[in-house]
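File shown: entry_4.txt. Contents: compact mmCIF, C-alpha atoms.
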# COMPACT_ATOMS: atom_id res chain seq x y z
CA MET S 1 4.23 -10.39 -7.85
CA GLN S 2 2.11 -8.64 -5.24
CA PHE S 3 -0.06 -5.55 -5.20
CA VAL S 4 -1.73 -4.44 -1.97
CA LEU S 5 -3.85 -1.36 -1.32
CA GLU S 6 -5.39 -1.19 2.17
CA THR S 7 -7.60 1.60 3.50
CA PRO S 8 -9.76 1.49 6.64
CA GLY S 9 -12.81 -0.54 5.71
CA LYS S 10 -11.69 -1.83 2.32
CA GLY S 11 -8.76 -2.98 0.30
CA LEU S 12 -7.48 -4.80 -2.76
CA ARG S 13 -4.90 -7.58 -2.96
CA ALA S 14 -3.62 -8.88 -6.28
CA THR S 15 -1.02 -11.49 -7.24
CA GLY S 16 0.65 -12.55 -10.45
CA ALA S 17 0.76 -10.71 -13.75
CA ARG S 18 -1.08 -11.78 -16.90
CA GLN S 19 -0.28 -8.78 -19.14
CA HIS S 20 1.32 -5.35 -18.83
CA VAL S 21 0.01 -2.07 -20.20
CA VAL S 22 2.29 -1.01 -23.04
CA SER S 23 4.38 2.12 -22.54
CA GLY S 24 3.51 5.42 -24.17
CA LYS S 25 2.91 9.10 -23.56
CA ARG S 26 1.20 9.91 -20.27
CA ALA S 27 -1.66 11.60 -22.13
CA THR S 28 -2.56 8.23 -23.70
CA LEU S 29 -2.57 6.25 -20.43
CA ASP S 30 -6.35 5.99 -20.20
CA GLU S 31 -6.61 4.72 -23.76
CA ARG S 32 -3.76 2.23 -23.24
CA CYS S 33 -5.34 0.89 -20.05
CA GLN S 34 -8.77 0.46 -21.63
CA ARG S 35 -7.18 -1.32 -24.59
CA ALA S 36 -5.43 -3.72 -22.23
CA LEU S 37 -8.63 -4.44 -20.35
CA SER S 38 -10.52 -5.07 -23.59
CA ALA S 39 -7.86 -7.55 -24.70
CA GLY S 40 -7.67 -9.31 -21.35
CA ALA S 41 -8.51 -12.99 -21.02
CA SER S 42 -11.95 -13.84 -19.68
CA ASP S 43 -10.48 -15.92 -16.86
CA THR S 44 -8.53 -13.02 -15.33
CA PRO S 45 -9.83 -10.11 -13.23
CA ALA S 46 -11.11 -7.16 -15.27
CA VAL S 47 -8.86 -4.83 -13.31
CA LEU S 48 -5.45 -3.23 -13.72
CA VAL S 49 -3.17 -2.38 -10.80
CA GLY S 50 0.16 -0.60 -10.46
CA ALA S 51 1.96 2.69 -10.15
CA ILE S 52 2.66 5.88 -12.09
CA PRO S 53 6.13 7.45 -11.68
CA PHE S 54 6.68 11.11 -10.88
CA ALA S 55 8.35 12.06 -14.18
CA ALA S 56 6.05 12.40 -17.19
CA ASP S 57 8.59 10.77 -19.53
CA ALA S 58 9.11 7.70 -17.31
CA ASP S 59 7.20 4.47 -17.96
CA GLU S 60 4.30 3.46 -15.76
CA PHE S 61 4.18 -0.04 -14.27
CA ILE S 62 0.54 -1.10 -14.66
CA TYR S 63 -0.64 -4.64 -15.31
CA GLN S 64 -3.52 -7.08 -15.19
CA PRO S 65 -3.02 -9.51 -12.32
CA GLU S 66 -3.69 -13.23 -12.33
CA HIS S 67 -5.83 -12.94 -9.19
CA ALA S 68 -7.43 -10.00 -7.36
CA VAL S 69 -9.50 -10.02 -4.18
CA ALA S 70 -11.35 -7.07 -2.66
CA SER S 71 -11.62 -6.97 1.13
CA GLU S 72 -13.97 -5.10 3.44
CA ALA S 73 -11.31 -4.36 6.06
CA ARG S 74 -7.57 -4.30 6.44
CA GLN S 75 -6.55 -7.92 5.96
CA LEU S 76 -2.85 -8.62 5.77
CA THR S 77 -1.19 -12.01 5.79
CA THR S 78 1.08 -11.05 8.70
CA ALA S 79 0.62 -9.42 12.09
CA THR S 80 -0.29 -5.73 11.92
CA SER S 81 1.39 -4.66 15.11
CA GLY S 82 4.96 -4.28 16.28
CA ALA S 83 7.95 -3.20 14.22
CA HIS S 84 11.21 -4.48 12.88
CA LYS S 85 13.97 -4.91 15.39
CA PRO S 86 16.44 -2.03 15.21
CA SER S 87 19.12 -4.50 14.18
CA ASP S 88 17.19 -5.20 10.97
CA ALA S 89 18.04 -1.70 9.72
CA PRO S 90 20.48 0.12 12.01
CA SER S 91 20.26 3.90 11.98
CA ASN S 92 23.98 4.26 11.29
CA ALA S 93 23.41 2.47 7.96
CA LEU S 94 21.21 5.34 6.74
CA THR S 95 22.65 7.92 4.39
CA ALA S 96 20.90 11.24 3.75
CA ARG S 97 20.80 12.62 0.20
CA PRO S 98 21.22 15.54 0.41
CA SER S 99 22.26 16.20 4.00
CA GLU S 100 20.10 18.44 6.18
CA GLY S 101 22.43 21.35 5.42
CA GLY S 102 22.35 20.54 1.72
CA TYR S 103 18.56 20.46 1.74
CA ALA S 104 18.39 23.81 3.55
CA ARG S 105 20.64 25.31 0.86
CA MET S 106 18.38 23.82 -1.82
CA VAL S 107 15.41 25.55 -0.18
CA GLU S 108 17.33 28.83 -0.12
CA ARG S 109 17.99 28.57 -3.86
CA ALA S 110 14.32 27.86 -4.48
CA LEU S 111 13.33 30.96 -2.48
CA VAL S 112 15.61 33.06 -4.66
CA ARG S 113 13.75 31.78 -7.74
CA ILE S 114 10.37 32.45 -6.15
CA ALA S 115 11.40 36.02 -5.29
CA ASP S 116 12.80 36.69 -8.79
CA ARG S 117 10.27 38.92 -10.56
CA HIS S 118 12.29 38.96 -13.80
CA GLY S 119 12.48 35.22 -14.47
CA PRO S 120 9.69 32.69 -15.03
CA ARG S 121 6.94 33.01 -12.44
CA LEU S 122 7.29 30.45 -9.66
CA ASP S 123 4.80 30.50 -6.78
CA LYS S 124 5.61 27.12 -5.21
CA VAL S 125 8.02 24.25 -5.70
CA VAL S 126 8.04 20.97 -3.79
CA LEU S 127 11.57 19.80 -3.01
CA SER S 128 12.34 16.29 -1.86
CA ARG S 129 15.20 14.52 -0.18
CA GLN S 130 16.07 10.88 0.42
CA MET S 131 17.47 8.51 3.01
CA LEU S 132 19.28 5.43 1.68
CA LEU S 133 19.58 2.03 3.33
CA GLU S 134 21.97 -0.45 1.74
CA ASN S 135 21.47 -4.22 1.73
CA ALA S 136 17.76 -3.93 2.49
CA ALA S 137 16.46 -6.81 0.35
CA GLY S 138 16.19 -9.04 3.43
CA LEU S 139 13.64 -6.84 5.21
CA ASP S 140 10.24 -8.41 5.86
CA PHE S 141 8.14 -6.18 3.64
CA ASP S 142 4.85 -7.91 4.46
CA ARG S 143 5.38 -7.14 8.13
CA LEU S 144 6.54 -3.61 7.34
CA LEU S 145 3.31 -3.04 5.42
CA GLY S 146 1.32 -4.31 8.38
CA VAL S 147 3.04 -1.87 10.74
CA LEU S 148 2.44 1.04 8.36
CA ALA S 149 -1.23 0.08 8.12
CA ASP S 150 -1.70 0.54 11.88
CA ASP S 151 -2.34 4.25 11.29
CA PRO S 152 -6.08 4.54 10.48
CA ALA S 153 -5.53 7.85 8.68
CA VAL S 154 -3.47 6.38 5.84
CA THR S 155 -3.77 4.07 2.88
CA ALA S 156 -1.05 1.44 3.04
CA PHE S 157 0.31 0.12 -0.25
CA ARG S 158 2.80 -2.28 -1.76
CA ALA S 159 3.39 -2.48 -5.49
CA ASP S 160 5.96 -4.87 -6.95
CA LEU S 161 7.54 -3.11 -9.92
CA SER S 162 9.36 -6.07 -11.45
CA GLU S 163 8.75 -9.75 -12.06
CA THR S 164 11.83 -10.69 -10.03
CA GLY S 165 10.88 -8.96 -6.78
CA ASN S 166 14.00 -6.76 -6.65
CA HIS S 167 12.05 -3.55 -7.28
CA LEU S 168 9.04 -2.56 -5.19
CA LEU S 169 7.27 0.48 -3.80
CA ILE S 170 5.90 0.42 -0.26
CA GLY S 171 4.38 3.11 1.94
CA ALA S 172 1.39 4.62 3.73
CA THR S 173 -0.07 7.71 2.12
CA PRO S 174 -2.58 10.15 3.62
CA GLU S 175 -3.61 11.62 0.25
CA LYS S 176 -6.22 10.42 -2.22
CA LEU S 177 -5.51 11.70 -5.72
CA ILE S 178 -8.80 10.56 -7.28
CA SER S 179 -11.45 7.88 -7.05
CA ARG S 180 -14.32 7.13 -9.40
CA THR S 181 -17.41 5.02 -8.73
CA GLY S 182 -19.85 5.28 -11.61
CA LEU S 183 -20.26 9.01 -12.18
CA ALA S 184 -19.17 9.97 -8.66
CA ILE S 185 -15.60 11.17 -8.16
CA GLU S 186 -13.64 12.25 -5.09
CA SER S 187 -10.25 13.84 -4.51
CA VAL S 188 -8.72 14.85 -1.17
CA PRO S 189 -5.73 17.12 -1.84
CA LEU S 190 -3.44 17.86 1.09
CA ALA S 191 -1.06 20.83 1.20
CA GLY S 192 0.24 22.72 4.20
CA SER S 193 1.77 20.56 6.94
CA MET S 194 3.20 20.56 10.45
CA PRO S 195 4.76 17.78 12.56
CA ARG S 196 2.62 16.38 15.38
CA GLY S 197 3.47 17.46 18.92
CA ARG S 198 5.07 15.26 21.58
CA SER S 199 2.33 15.91 24.15
CA THR S 200 -1.40 16.51 23.89
CA SER S 201 -1.03 20.22 24.64
CA GLU S 202 1.83 20.68 22.18
CA ASP S 203 -0.08 18.70 19.54
CA GLU S 204 -3.16 20.88 19.93
CA GLU S 205 -1.02 24.00 19.79
CA ARG S 206 0.63 22.90 16.55
CA ALA S 207 -2.73 22.05 15.01
CA ALA S 208 -4.01 25.52 15.90
CA ILE S 209 -0.89 27.14 14.43
CA LEU S 210 -1.34 25.27 11.16
CA LEU S 211 -5.03 26.09 10.96
CA ALA S 212 -4.22 29.80 11.45
CA SER S 213 -1.18 29.88 9.14
CA GLU S 214 -1.65 32.28 6.23
CA LYS S 215 1.34 30.76 4.42
CA ASP S 216 0.00 27.21 4.67
CA HIS S 217 -3.51 28.21 3.63
CA ARG S 218 -2.03 30.01 0.65
CA GLU S 219 -0.08 26.88 -0.26
CA HIS S 220 -3.19 24.74 0.12
CA ALA S 221 -5.36 27.09 -1.94
CA VAL S 222 -3.01 26.74 -4.92
CA THR S 223 -3.43 22.95 -4.89
CA LEU S 224 -7.18 23.06 -4.33
CA GLU S 225 -7.71 25.54 -7.16
CA PHE S 226 -5.64 23.36 -9.50
CA VAL S 227 -7.65 20.22 -8.69
CA MET S 228 -10.97 22.02 -9.14
CA ASP S 229 -9.85 23.60 -12.43
CA MET S 230 -8.62 20.30 -13.87
CA LEU S 231 -11.74 18.34 -12.92
CA SER S 232 -14.43 20.92 -13.69
CA PRO S 233 -14.51 20.44 -17.51
CA PHE S 234 -15.57 16.80 -16.98
CA CYS S 235 -18.16 17.40 -14.23
CA ARG S 236 -21.74 18.58 -14.12
CA GLU S 237 -21.36 19.06 -10.36
CA LEU S 238 -18.18 19.81 -8.41
CA SER S 239 -17.82 21.14 -4.88
CA ALA S 240 -15.84 21.08 -1.64
CA PRO S 241 -18.73 20.74 0.82
CA ASP S 242 -16.70 20.58 4.03
CA GLY S 243 -14.22 23.31 3.22
CA THR S 244 -10.58 23.10 4.29
CA THR S 245 -10.06 21.16 7.50
CA LEU S 246 -7.28 19.58 9.55
CA HIS S 247 -6.21 16.04 8.68
CA ARG S 248 -3.86 14.12 10.94
CA THR S 249 -1.68 11.07 10.65
CA ALA S 250 0.48 9.51 13.35
CA SER S 251 3.33 11.91 12.54
CA MET S 252 1.85 14.95 10.73
CA TRP S 253 -0.94 17.52 10.64
CA HIS S 254 -2.15 18.52 7.16
CA LEU S 255 -4.58 20.98 5.66
CA GLY S 256 -6.96 19.03 3.45
CA THR S 257 -10.10 19.56 1.41
CA ARG S 258 -12.45 16.84 0.18
CA VAL S 259 -13.58 17.53 -3.38
CA GLU S 260 -16.58 15.62 -4.70
CA GLY S 261 -18.29 15.71 -8.05
CA LEU S 262 -20.46 14.02 -10.64
CA LEU S 263 -19.09 13.38 -14.12
CA LYS S 264 -21.09 14.54 -17.12
CA SER S 265 -21.41 11.04 -18.59
CA GLU S 266 -20.06 7.50 -18.44
CA ASP S 267 -17.61 8.18 -21.28
CA MET S 268 -15.65 10.73 -19.25
CA PRO S 269 -12.08 9.70 -18.32
CA SER S 270 -11.67 6.62 -16.16
CA ALA S 271 -10.11 6.73 -12.71
CA VAL S 272 -6.64 6.21 -14.17
CA GLY S 273 -7.31 8.80 -16.86
CA LEU S 274 -8.25 11.35 -14.21
CA ALA S 275 -5.16 10.41 -12.20
CA ALA S 276 -2.96 11.03 -15.24
CA LEU S 277 -4.70 14.37 -15.79
CA LEU S 278 -4.17 15.56 -12.21
CA HIS S 279 -0.64 14.28 -11.67
CA PRO S 280 1.48 16.02 -10.55
CA THR S 281 -0.65 18.38 -8.49
CA PRO S 282 0.95 21.44 -6.85
CA ALA S 283 1.02 19.37 -3.63
CA VAL S 284 3.91 17.29 -5.00
CA GLY S 285 5.23 19.44 -7.85
CA GLY S 286 4.44 23.09 -7.41
CA SER S 287 2.87 25.96 -9.31
CA PRO S 288 2.83 26.93 -12.11
CA ARG S 289 3.36 23.30 -13.07
CA GLU S 290 5.97 23.64 -15.81
CA ALA S 291 8.06 26.22 -13.94
CA ALA S 292 7.96 24.07 -10.80
CA LEU S 293 8.97 20.90 -12.64
CA SER S 294 11.84 22.80 -14.26
CA ALA S 295 13.00 24.00 -10.83
CA ILE S 296 12.83 20.45 -9.44
CA GLU S 297 14.94 19.19 -12.32
CA ASP S 298 17.52 21.94 -11.70
CA LEU S 299 17.64 21.79 -7.90
CA GLU S 300 17.22 18.10 -7.05
CA GLU S 301 20.20 15.89 -7.79
CA HIS S 302 18.35 12.59 -7.38
CA ASP S 303 15.71 10.69 -9.34
CA ARG S 304 12.33 10.57 -7.60
CA GLY S 305 11.38 7.30 -9.25
CA PHE S 306 7.82 6.43 -8.22
CA TYR S 307 7.86 8.71 -5.16
CA ALA S 308 5.17 11.42 -5.44
CA GLY S 309 3.66 9.54 -8.36
CA ALA S 310 0.45 7.55 -7.93
CA VAL S 311 -0.50 4.02 -6.94
CA GLY S 312 -3.88 2.40 -7.48
CA TRP S 313 -6.25 0.41 -9.68
CA VAL S 314 -8.84 0.79 -12.43
CA ASP S 315 -11.43 -1.64 -13.75
CA ALA S 316 -13.20 -2.17 -17.05
CA LYS S 317 -16.05 0.16 -16.02
CA GLY S 318 -13.60 3.01 -15.42
CA ASP S 319 -14.02 2.83 -11.65
CA GLY S 320 -10.94 2.84 -9.44
CA GLU S 321 -8.84 4.57 -6.81
CA TRP S 322 -5.47 6.28 -7.11
CA TYR S 323 -3.42 7.64 -4.21
CA VAL S 324 -0.38 9.91 -4.16
CA ALA S 325 2.71 7.81 -3.42
CA LEU S 326 3.87 9.56 -0.23
CA ARG S 327 5.49 8.39 3.06
CA CYS S 328 7.06 5.66 1.02
CA ALA S 329 10.23 3.82 0.15
CA GLU S 330 11.40 2.20 -3.06
CA LEU S 331 13.52 -0.93 -3.10
CA VAL S 332 15.88 -0.87 -6.07
CA ALA S 333 18.43 -3.68 -6.46
CA GLY S 334 18.77 -4.21 -2.71
CA GLN S 335 18.91 -0.52 -1.78
CA LEU S 336 15.93 0.98 0.06
CA ILE S 337 15.32 4.64 -0.82
CA LEU S 338 13.09 6.59 1.57
CA HIS S 339 11.55 9.82 0.29
CA ALA S 340 10.11 12.97 1.86
CA GLY S 341 9.36 16.42 0.52
CA ALA S 342 8.08 19.87 1.49
CA GLY S 343 6.36 22.66 -0.39
CA ILE S 344 8.41 25.84 -0.69
CA VAL S 345 6.57 29.17 -1.06
CA GLU S 346 7.37 32.77 -0.30
CA GLY S 347 7.87 32.96 3.45
CA SER S 348 9.21 29.41 3.83
CA VAL S 349 12.03 29.01 6.36
CA PRO S 350 14.73 26.48 5.34
CA GLU S 351 15.19 25.01 8.83
CA GLN S 352 11.44 24.50 9.20
CA GLU S 353 11.32 22.69 5.86
CA VAL S 354 14.16 20.44 7.05
CA ARG S 355 12.09 19.64 10.15
CA GLU S 356 9.03 18.89 8.04
CA THR S 357 10.87 16.39 5.84
CA ALA S 358 12.42 14.79 8.93
CA ALA S 359 8.95 14.34 10.43
CA LYS S 360 7.67 12.81 7.21
CA PHE S 361 10.47 10.22 7.28
CA ARG S 362 9.40 9.11 10.75
CA ALA S 363 6.47 6.88 9.72
CA MET S 364 8.71 4.67 7.61
CA LEU S 365 11.67 4.80 10.03
CA ARG S 366 9.52 3.81 12.99
CA ALA S 367 7.90 0.98 11.06
CA MET S 368 11.39 -0.30 10.24
CA GLY S 369 12.41 -0.07 13.90
CA VAL S 370 14.88 2.74 13.15
CA GLU S 371 15.10 5.93 15.20
CA ASP S 372 16.06 9.05 13.26
CA THR S 373 19.01 10.02 15.45
CA LEU S 374 19.22 13.53 14.04
CA TRP S 375 15.56 14.15 14.88
CA ALA S 376 15.92 12.62 18.34
CA ALA S 377 18.92 14.80 19.15
CA ARG S 378 17.07 17.90 18.03
CA GLU S 379 14.00 17.03 20.13
CA ALA S 380 16.17 16.39 23.19
CA ALA S 381 17.76 19.84 22.83
CA GLU S 382 14.42 21.64 22.73
Let me see the structure of the file written as structure tokens.
Amino acid sequence: MQFVLETPGKGLRATGARQHVVSGKRATLDERCQRALSAGASDTPAVLVGAIPFAADADEFIYQPEHAVASEARQLTTATSGAHKPSDAPSNALTARPSEGGYARMVERALVRIADRHGPRLDKVVLSRQMLLENAAGLDFDRLLGVLADDPAVTAFRADLSETGNHLLIGATPEKLISRTGLAIESVPLAGSMPRGRSTSEDEERAAILLASEKDHREHAVTLEFVMDMLSPFCRELSAPDGTTLHRTASMWHLGTRVEGLLKSEDMPSAVGLAALLHPTPAVGGSPREAALSAIEDLEEHDRGFYAGAVGWVDAKGDGEWYVALRCAELVAGQLILHAGAGIVEGSVPEQEVRETAAKFRAMLRAMGVEDTLWAAREAAE
């Protein structure tokens, strides 16, 4: 088994599995993790690694590894440049679920719910779609991780979710859910997005449009307010010193805000406890939370699995880092499932949301050596 978390300047690699955290209600995750660490053998690392699924009633996959090594820079066992040959995963083997038209219709139905002033209040819902690649077990996932890690704006991750290696989560996320070091905590929620431009001038224009977008700032404010409200009861200090700024990856522009704080005491929730408290934020679920999750259950016809959940680690001191599982794919019994989503609010345009999800697929498709033919055809027509 492997677990890899690589950010610019630091990382964590773990192998093997000594013991797994027992399943239970999400609200008890912190307690269950601390119990596992207390019971751990003295000759194993005092750290747990793994992933939290999107659904609250689904089991986490968190365990104590046999070996864990922290690194000061991205250090992968394979080359970190280049990509898979297109023949490794031909574009005609990809199946969209739902189709672009089906996703646009899903967005339309969500907008009807948001506009309905007689039903449950719904301000935002994040809707996802998938691309499926059959017979993907033979892909070189170590090399794929290295290609994904080439983007300095992301945290690359791989988490094996079974002992047999036939279930894993791999991706490169731009979003930190929470980190804790002693009493210091940090969260960097992202909400409000736009695809990068094809030229420098177009890229700058799109960044300016996003920065001036009332709709996107409104969407971002909902997520930021949620994060601040959830963390504030545990903090003696909490602020967003830099305000909302532009964050960019190789394929997307995002609105982001760095939140930093100091916990009231050492016995506040650990990093994984804070992750369980925050997840899912409005950036991946919507707002209000329960109404948004109900809408996702009604509108989406697929299981998100670990997409839009969290991936990370926690140690015996409560320190750790957890990232939102975005720009990722999940290998399940030989089938690779790519995920992408977009936040739907009043004023959203279905075709623009289709474009946003297509852009979010591009990081994984390019790393696999696959060109999104639908996206390419659309760009050529513009």
Requested in this report: Up to 12 Å from (17.1, 6.0, 3.1) in the file's coordinates: name the residues, counting all atoms listed in the file, as a ChimeraX atom specification.
Outcome: /S:89-99,129-136,327-332,334-340,358,361-362,364-365,368,370,372
Query raised in the report: Quick one: residues within 8 Å of S:Lys360, all atoms listed in the file counted, chain neighbours fewer than 4 positions away excluded, as number ranges by chain?
Result: S: 195, 251-252, 327, 340-341, 356
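The closest residue to S:Cys235, picked from S:Val107, S:Ala207, S:Met268, S:Ala212 and counting only C-alpha atoms, is S:Met268.
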Query raised in the report: From the list S:Glu186, S:Leu277, S:Glu60, S:Tyr307, which residue is nearest S:Leu161 when using all atoms listed in the file?
Result: S:Glu60
Report task. Pick out the residues sitting within 12 Å of S:Asp203, and hand them over as a list in words; count only C-alpha atoms, and ignore anything fewer than 4 positions along from it in its own chain. Result -> Met194, Pro195, Arg196, Gly197, Arg198, Ser199, Ala207, Ala208, Ile209, Leu210, Arg248, Thr249, Ala250, Ser251, Met252 and Trp253 of chain S
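Here atom CA of S:Asp30 stands at a distance of 9.2 Å from atom CA of S:Gly318.
If you measure from each of S:Gly261, S:Gly285, S:Pro65, S:Gly102 to S:Val49 using all atoms listed in the file, the closest one turns out to be S:Pro65.
What separates atom CA of S:Arg18 from atom CA of S:Phe157 is a distance of 20.5 Å.
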Report summary line: Students should find that atom CA of S:Leu255 and atom CA of S:Arg206 are spaced 12.2 Å
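Restricting the calculation to all atoms listed in the file, the smallest distance between S:Glu321 and any of S:Ala14, S:Ala51, S:Val272, S:Leu111 is found for S:Val272.
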Calculate, to one decimal in Å, the centre and edge lengths of the box along x, y and z of the file that holds all listed atoms of stretch 188-202 of chain S with 6 Å of margin on each side, and present them as JSON.
{"center_x": -1.8, "center_y": 18.8, "center_z": 11.4, "size_x": 25.8, "size_y": 19.9, "size_z": 38.5}
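The shortest atom-to-atom distance to S:Leu293, with all atoms listed in the file taken into account, belongs to S:Phe54 out of S:Phe54, S:Gly40, S:Leu190, S:Thr223.
Using only C-alpha atoms, the smallest distance between any of S:Val22, S:Leu148, S:Ala271, S:Met1 and S:Lys317 comes from S:Ala271.
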Query raised in the report: Got a sec: who's within 7 Å of S:Arg32, counting all atoms listed in the file, leaving out chain neighbours fewer than 3 positions off, as a count of residues only?
Result: 6
Report task. Taking the point (4.7, 8.1, -10.4) as given in the file, collect each protein or nucleic acid residue that comes within 9 Å of it, counting all atoms listed in the file, and present the set as JSON, numbers by chain. Result -> {"S": [51, 52, 53, 54, 55, 56, 58, 59, 60, 279, 280, 304, 305, 306, 307, 308, 309, 310, 311, 324, 325]}
Query - Near-S:Gln352 list (12 Å; all atoms listed in the file; drop same-chain fewer than 3 positions) as a ChimeraX atom specification - result: /S:100,103-104,107-108,193-195,342-344,347-349,355-359
**Report entry** Within 10 Å of S:Glu346 using only C-alpha atoms, minus same-chain residues under 3 positions, as a PyMOL selection string
**Finding:** chain S and resi 110-115+122-124+215+218-219+349
